[in-house]
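J.: Please find one structure pasted underneath; my questions will follow.
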Amino acid sequence: MKHETPLLDQLESGPWPSFVSDMKQEAERRAKNPDNIEYQIPVDVVEDIMGLLELSYVHGRTHWKHGGIVGVFGYGGGVIGRYCDQPEMFPGVAHFHTMRIAQPGAKFYTTEHLRNLCDLWDRRGSGLTNMHGSTGDIIFLGTTTKQIEEIFFELTHNIGQDLGGSGSNLRTPADCIGQARCEYACYDTQDLCYDLTMEYQDELHRPAFPYKFKFKMDGCPNGCVASIARSDMAFIGTWRDDIKIDQEAVQAYIGGEFVPNAGAHSGRDWGAFDIQKEVIGLCPTECMWMDGKELKIDNKECNRCMHCINVMPRALRIGDDRGLSVLVGGKAPILDGAQLCTLIVPFVKAESPYTEIKENIIEPIWDWWMEEGKNRERLGELMKRQGMQKLLEVTGLEPDVRMVQEPRTNPYIFWKEEEVEGGWDRDINEFRKYHQR
Amino acid sequence: MEYEEAKKMIVDGLTKKMKTKTKFYFNDLAKIIDLKPREAKKLINQMIQDGTLEYWSSGSTSLYGLKGAGKQAHAEHED
Ligand code: HEM
Ligand code: HEM
Ligand code: SF4
Ligand code: SF4
């Protein structure tokens, strides 16, 4: 290796696989170049990144500058400029820009597609990737300014992939695997994800929002992409009729014929399946009971937590009148504390071309946030600052008891004059009949 | 608003502020031309396309500036 890295080496001594070992492996492979790749950026880029990281550990400070004017023509996002402040010592990483590549919907890859991406990145970048970044994108870590347009060209023309979002724009939407493989999916997450991605190309590539904005699609409340915590607008599949019960299959679970949770907890012996303890007793809304040999559910109390369905998937199934709930305002702790999304639309049908979702929900909310949002203010922060009432006003959504997280979360709801019969004027004589001065 | 008129307002507005600042939030630009964000965006996109403006990005936040204005050093508060 070009640089001594005792502090980095120490990170390899723990019980977990270390990114340091990965980088060393890549550095060696680049140096040997068994596949005769025509490297377009310095061959020792990985060694320099390790040297630079070691130096920043020694100094206890970063050696990266922040930001820059790099991007591909016409796009304001997708490339994140990173320049090193010790370019003489580490010329391989003088420029070390991050590229964000939109991940395939639900992260379905073919091996060929993965190979193409990696071959491109071996040739024109550092070979280091982050699969996947926290927004979901494929992160290509480190290339030079000159390579960016070349990579963009090859990516879009030969591999059929686009850059993802970065900066103050719509970030690459992300979805769960949905109906492609999962019987719990209440709508086609991949279709909605793709549809919104294509519809909002301008918002994705040309930043004009106060800050980032994320869509995430979960096909059911199990929330495999954790949309409620990880997006500004979460689309979570749900149903509004009854959970379908196959009573014979319920008995098969009780009799031990079917393993609970599809065998997911079979690593140790938990004893015989106990429907009372493991299903009915854990229903958060206490809406299940056994009536002799029949399992009963009071569906109007059920909040679709998925627990019973997850435990007994062969006996219980999601309902047939399916759609999704929309929740808004989730975010991580930067600027203000972390926040989960708040429910604003309990149920909407999720049918292509999703006009209702776009025109009645997404766009009015964007208009409000673009106009009223302060610079670097997330939607969730604007909601806190101006209030849920204001959000309902701009969307025209009717207040609904299901929007209330718990009683007394916000007692300060103010009436407007036009909402009160008779306005603010009152008949003082009528009033005095009941109240003395 | 006519494109050329908007462009002149933006160029004048940003040039005036150049001594203290070379990078601006989108909303600063929308205010200069006094349009709603969505309307302003169409015009501002076009100013990027024709090279009047350019994007600057920290990775998490995007700013706009007159093409070539300011140095990278601005981000480090050295100018
Ligand atoms: C329609 C009638 C009333 C309404 C709408 C009302 C509303 C409220 C609200 C919104 C709060 C704040 C609750 C909170 O912080 O969670 C409050 C607190 C309070 N209210 Fe009322 N109130 C009413 C009648 C009364 C009456 C009749 C009394 C006493 C005679 C009273 C005594 C208090 C007291 C002592 C507090 C607590 C103040 C504190 O914690 O500093 N309220 N009320
Ligand atoms: C001491 C070192 C660093 C610190 C404290 C730091 C901190 C942060 C923080 C707080 C964010 C989130 C910003 C936001 O979302 O508002 C962020 C985002 C990011 N950083 Fe760093 N960073 C450091 C070094 C780096 C380096 C060395 C690189 C790459 C060479 C890098 C690349 C990125 C990227 C690509 C993002 C994502 C921007 C986005 O889309 O939100 N960072 N960093
Ligand atoms: S969120 Fe629900 S529908 Fe989507 S993959 Fe997970 S369990 Fe299946
Ligand atoms: S989905 Fe959850 S709330 Fe509904 S019946 Fe099953 S356990 Fe109870």
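All residue names refer to the structure tokens as shown: chains lettered A, B, ... in order, residues numbered from 1 in each chain, ligands numbered from 1 in order.
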Go through the chains and note each residue within 6 Å of ligand 2, using only C-alpha atoms and all ligand atoms, then give the set as a PyMOL selection string.
T.: (chain A and resi 62+64+80+82+98+166-167) or (chain B and resi 59-60)
J.: Go ahead and write the residues just picked, N, CA, C and O atoms, as an mmCIF file, in the first residue's frame.
T.:
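The file below, part21.cif, is the result:
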```
data_model
loop_
_atom_site.group_PDB
_atom_site.id
_atom_site.type_symbol
_atom_site.label_atom_id
_atom_site.label_comp_id
_atom_site.auth_asym_id
_atom_site.auth_seq_id
_atom_site.Cartn_x
_atom_site.Cartn_y
_atom_site.Cartn_z
ATOM 1 N N THR A 62 -11.656 16.851 9.243
ATOM 2 C CA THR A 62 -11.855 16.365 7.876
ATOM 3 C C THR A 62 -10.916 17.076 6.906
ATOM 4 O O THR A 62 -10.502 18.209 7.148
ATOM 5 N N TRP A 64 -11.904 17.232 3.646
ATOM 6 C CA TRP A 64 -12.762 17.449 2.490
ATOM 7 C C TRP A 64 -13.309 18.866 2.528
ATOM 8 O O TRP A 64 -13.729 19.345 3.578
ATOM 9 N N ILE A 80 -22.504 14.876 -6.524
ATOM 10 C CA ILE A 80 -22.202 15.645 -5.328
ATOM 11 C C ILE A 80 -20.717 15.913 -5.312
ATOM 12 O O ILE A 80 -19.910 14.994 -5.217
ATOM 13 N N ARG A 82 -17.103 16.677 -4.374
ATOM 14 C CA ARG A 82 -16.257 16.571 -3.190
ATOM 15 C C ARG A 82 -14.806 16.778 -3.617
ATOM 16 O O ARG A 82 -14.302 16.095 -4.496
ATOM 17 N N THR A 98 -19.102 12.164 -5.648
ATOM 18 C CA THR A 98 -20.061 11.081 -5.471
ATOM 19 C C THR A 98 -21.093 11.164 -6.595
ATOM 20 O O THR A 98 -21.566 12.246 -6.912
ATOM 21 N N SER A 166 -30.326 14.488 -5.723
ATOM 22 C CA SER A 166 -29.558 14.963 -4.573
ATOM 23 C C SER A 166 -29.832 16.448 -4.482
ATOM 24 O O SER A 166 -30.336 17.044 -5.421
ATOM 25 N N GLY A 167 -29.497 17.074 -3.375
ATOM 26 C CA GLY A 167 -29.772 18.501 -3.240
ATOM 27 C C GLY A 167 -31.239 18.762 -2.961
ATOM 28 O O GLY A 167 -31.993 17.873 -2.556
ATOM 29 N N GLY B 59 -24.599 18.881 -1.791
ATOM 30 C CA GLY B 59 -24.986 17.480 -1.673
ATOM 31 C C GLY B 59 -26.379 17.407 -1.103
ATOM 32 O O GLY B 59 -27.239 16.739 -1.632
ATOM 33 N N SER B 60 -26.620 18.147 -0.046
ATOM 34 C CA SER B 60 -27.961 18.115 0.530
ATOM 35 C C SER B 60 -28.767 19.348 0.152
ATOM 36 O O SER B 60 -29.982 19.312 0.141
#
```
J.: May I have all residues of stretch 23-211 of chain A that DSSP, computed from the backbone, assigns to strand (DSSP E), given as a PyMOL selection string?
T.: chain A and resi 79-80+98-101+129-131+138-141+174-175
J.: If you keep all heavy atoms, can you produce a file of those selected residues as a compact mmCIF listing (two decimals), in the first residue's frame?
T.:
```txt
# COMPACT_ATOMS: atom_id res chain seq x y z
N VAL A 79 -25.03 14.46 -8.83
CA VAL A 79 -23.59 14.47 -8.63
C VAL A 79 -23.30 15.37 -7.44
O VAL A 79 -23.84 16.47 -7.35
CB VAL A 79 -22.85 15.04 -9.86
CG1 VAL A 79 -21.34 14.96 -9.65
CG2 VAL A 79 -23.25 14.30 -11.13
N ILE A 80 -22.50 14.88 -6.52
CA ILE A 80 -22.20 15.65 -5.33
C ILE A 80 -20.72 15.91 -5.31
O ILE A 80 -19.91 14.99 -5.22
CB ILE A 80 -22.67 14.89 -4.08
CG1 ILE A 80 -24.20 14.69 -4.15
CG2 ILE A 80 -22.30 15.64 -2.82
CD1 ILE A 80 -24.66 13.41 -3.59
N THR A 98 -19.10 12.16 -5.65
CA THR A 98 -20.06 11.08 -5.47
C THR A 98 -21.09 11.16 -6.60
O THR A 98 -21.57 12.25 -6.91
CB THR A 98 -20.82 11.26 -4.13
OG1 THR A 98 -19.88 11.26 -3.07
CG2 THR A 98 -21.82 10.15 -3.91
N MET A 99 -21.45 10.04 -7.18
CA MET A 99 -22.55 10.03 -8.14
C MET A 99 -23.67 9.17 -7.56
O MET A 99 -23.43 8.12 -7.00
CB MET A 99 -22.11 9.49 -9.49
CG MET A 99 -21.10 10.41 -10.15
SD MET A 99 -20.74 9.96 -11.84
CE MET A 99 -22.17 10.62 -12.72
N ARG A 100 -24.88 9.70 -7.73
CA ARG A 100 -26.05 8.95 -7.27
C ARG A 100 -26.74 8.35 -8.46
O ARG A 100 -27.15 9.06 -9.36
CB ARG A 100 -27.02 9.91 -6.62
CG ARG A 100 -26.75 9.96 -5.21
CD ARG A 100 -27.98 10.18 -4.41
NE ARG A 100 -27.42 10.29 -3.09
CZ ARG A 100 -27.67 11.28 -2.26
NH1 ARG A 100 -28.53 12.19 -2.58
NH2 ARG A 100 -27.07 11.31 -1.12
N ILE A 101 -26.91 7.05 -8.45
CA ILE A 101 -27.55 6.35 -9.56
C ILE A 101 -28.90 5.85 -9.07
O ILE A 101 -28.98 5.24 -8.00
CB ILE A 101 -26.69 5.14 -10.01
CG1 ILE A 101 -25.21 5.51 -10.11
CG2 ILE A 101 -27.22 4.55 -11.30
CD1 ILE A 101 -24.88 6.62 -11.07
N THR A 129 -18.25 1.37 -4.21
CA THR A 129 -19.68 1.70 -4.26
C THR A 129 -20.27 1.60 -2.87
O THR A 129 -19.66 1.01 -1.98
CB THR A 129 -20.46 0.71 -5.15
OG1 THR A 129 -20.37 -0.58 -4.54
CG2 THR A 129 -19.94 0.66 -6.55
N ASN A 130 -21.43 2.15 -2.73
CA ASN A 130 -22.21 1.94 -1.51
C ASN A 130 -23.57 1.45 -2.00
O ASN A 130 -24.32 2.17 -2.61
CB ASN A 130 -22.32 3.28 -0.77
CG ASN A 130 -23.27 3.22 0.40
OD1 ASN A 130 -23.77 2.16 0.75
ND2 ASN A 130 -23.54 4.36 1.00
N MET A 131 -23.79 0.16 -1.77
CA MET A 131 -25.05 -0.47 -2.20
C MET A 131 -25.91 -0.69 -0.96
O MET A 131 -25.64 -1.62 -0.23
CB MET A 131 -24.79 -1.81 -2.86
CG MET A 131 -23.96 -1.73 -4.10
SD MET A 131 -24.87 -0.89 -5.39
CE MET A 131 -24.58 -1.95 -6.75
N ILE A 138 -28.04 3.76 -5.70
CA ILE A 138 -26.73 3.15 -5.81
C ILE A 138 -25.75 4.31 -5.70
O ILE A 138 -25.87 5.29 -6.44
CB ILE A 138 -26.56 2.49 -7.19
CG1 ILE A 138 -27.64 1.44 -7.41
CG2 ILE A 138 -25.16 1.94 -7.34
CD1 ILE A 138 -27.89 1.14 -8.87
N ILE A 139 -24.79 4.24 -4.80
CA ILE A 139 -23.85 5.34 -4.65
C ILE A 139 -22.51 4.94 -5.25
O ILE A 139 -21.90 3.96 -4.82
CB ILE A 139 -23.66 5.72 -3.16
CG1 ILE A 139 -25.00 5.91 -2.45
CG2 ILE A 139 -22.79 6.96 -3.04
CD1 ILE A 139 -25.78 7.12 -2.86
N PHE A 140 -22.09 5.70 -6.24
CA PHE A 140 -20.75 5.54 -6.80
C PHE A 140 -19.85 6.53 -6.06
O PHE A 140 -20.05 7.74 -6.13
CB PHE A 140 -20.75 5.89 -8.29
CG PHE A 140 -21.28 4.81 -9.20
CD1 PHE A 140 -21.35 5.04 -10.58
CD2 PHE A 140 -21.68 3.57 -8.71
CE1 PHE A 140 -21.82 4.05 -11.44
CE2 PHE A 140 -22.15 2.57 -9.57
CZ PHE A 140 -22.21 2.82 -10.94
N LEU A 141 -18.83 6.01 -5.38
CA LEU A 141 -18.00 6.86 -4.52
C LEU A 141 -16.70 7.26 -5.19
O LEU A 141 -15.76 6.46 -5.21
CB LEU A 141 -17.68 6.10 -3.23
CG LEU A 141 -18.82 5.88 -2.24
CD1 LEU A 141 -18.44 4.82 -1.23
CD2 LEU A 141 -19.13 7.19 -1.53
N ALA A 174 -38.43 5.37 -3.57
CA ALA A 174 -38.05 3.99 -3.26
C ALA A 174 -39.27 3.20 -2.81
O ALA A 174 -40.15 3.74 -2.15
CB ALA A 174 -36.99 3.98 -2.17
N ASP A 175 -39.31 1.94 -3.18
CA ASP A 175 -40.49 1.12 -2.89
C ASP A 175 -40.09 -0.27 -2.39
O ASP A 175 -38.99 -0.73 -2.62
CB ASP A 175 -41.34 0.99 -4.15
CG ASP A 175 -40.57 0.42 -5.33
OD1 ASP A 175 -39.33 0.48 -5.33
OD2 ASP A 175 -41.20 -0.08 -6.28
```
J.: Show me, as a ChimeraX atom specification, the residues of chain A whose atoms get within 10 Å of chain B, using only C-alpha atoms for the distance check.
T.: /A:65-71,73-83,98,165-169,202-203,206-212,366-376
J.: Around ligand 4, out to 8 Å and counting only C-alpha atoms and all ligand atoms, which residues are there? I want them as JSON, numbers by chain.
T.: {"A": [243, 279, 280, 282, 283, 284, 285, 286, 287, 288, 297, 298, 299, 301, 302, 303, 304, 305, 306, 307, 308, 309]}
J.: Quick one: residues within 9 Å of B:Val11, only C-alpha atoms, excluding same-chain residues fewer than 4 positions away - as a PyMOL selection string?
T.: chain B and resi 6-7+15-16+52-53+66
J.: Report as a ChimeraX atom specification all protein, DNA and RNA residues lying within 8 Å of stretch 319-334 of chain A, evaluated on only C-alpha atoms, omitting residues in the same chain fewer than 3 positions from it.
T.: /A:186-187,228-244,337-350,378-381,383
J.: Atom CA of A:Asp336 and atom CA of A:Ser227, how far apart in Å?
T.: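 Rounded to one decimal, the two atoms are 19.0 Å apart.
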J.: How would you write, as a list of chain:residue names, the set of residues no farther than 7 Å from ligand 3 when counting only C-alpha atoms and all ligand atoms?
T.: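 So the residues close to ligand 3 are A:Cys176, A:Ile177, A:Gly178, A:Gln179, A:Cys182, A:Glu183, A:Tyr184, A:Ala185, A:Cys186, A:Asp218, A:Gly219, A:Cys220, A:Pro221, A:Asn222, A:Gly223, A:Cys224, A:Val225.
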J.: Do you have the atom CA of A:Lys390-atom CA of A:Met403 distance handy?
T.: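 According to the coordinates, atom CA of A:Lys390 and atom CA of A:Met403 are separated by 13.8 Å.
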J.: So which residues of chain B fall under alpha helix (DSSP H) by DSSP, listed as number ranges by chain?
T.: B: 3-17, 26-32, 37-49
J.: Neighbouring residues of stretch 126-128 of chain A were defined as those with any atom within 9 Å, considering only C-alpha atoms; residues of the same chain fewer than 6 positions away were excluded. Please report them as a VMD selection string.
T.: chain A and resid 22 to 23 26 30 41 to 46 96 118 to 120 139 to 143
J.: So that I have them on file, write out the residues from the current selection with C-alpha atoms, as a PDB file, in the first residue's frame.
T.:
```pdb
ATOM      1  CA  ASP A  22     -12.929  -3.985   1.360  1.00  0.00           C
ATOM      2  CA  MET A  23     -10.906  -0.947   0.356  1.00  0.00           C
ATOM      3  CA  GLU A  26     -10.080  -3.091  -4.156  1.00  0.00           C
ATOM      4  CA  ARG A  30      -6.722  -2.127  -9.143  1.00  0.00           C
ATOM      5  CA  ILE A  41      -8.917   7.979 -13.220  1.00  0.00           C
ATOM      6  CA  PRO A  42      -5.744   7.387 -11.141  1.00  0.00           C
ATOM      7  CA  VAL A  43      -5.139   3.710 -10.502  1.00  0.00           C
ATOM      8  CA  ASP A  44      -4.161   4.408  -6.886  1.00  0.00           C
ATOM      9  CA  VAL A  45      -7.350   6.333  -6.024  1.00  0.00           C
ATOM     10  CA  VAL A  46      -8.302   3.778  -3.378  1.00  0.00           C
ATOM     11  CA  PHE A  96     -13.604  12.569  -5.486  1.00  0.00           C
ATOM     12  CA  CYS A 118     -19.638  -2.160 -11.867  1.00  0.00           C
ATOM     13  CA  ASP A 119     -17.647  -2.377 -15.098  1.00  0.00           C
ATOM     14  CA  LEU A 120     -18.498   1.220 -15.887  1.00  0.00           C
ATOM     15  CA  ILE A 139     -23.848   5.342  -4.652  1.00  0.00           C
ATOM     16  CA  PHE A 140     -20.749   5.542  -6.795  1.00  0.00           C
ATOM     17  CA  LEU A 141     -18.002   6.858  -4.519  1.00  0.00           C
ATOM     18  CA  GLY A 142     -15.366   8.988  -6.144  1.00  0.00           C
ATOM     19  CA  THR A 143     -14.564  10.119  -9.642  1.00  0.00           C
TER      20      THR A 143
END
```
J.: One decimal, in Å: what's the spacing between atom CA of A:Lys2 and atom CA of A:Met89?
T.: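 One can read the atom CA of A:Lys2 to atom CA of A:Met89 distance as 11.1 Å.
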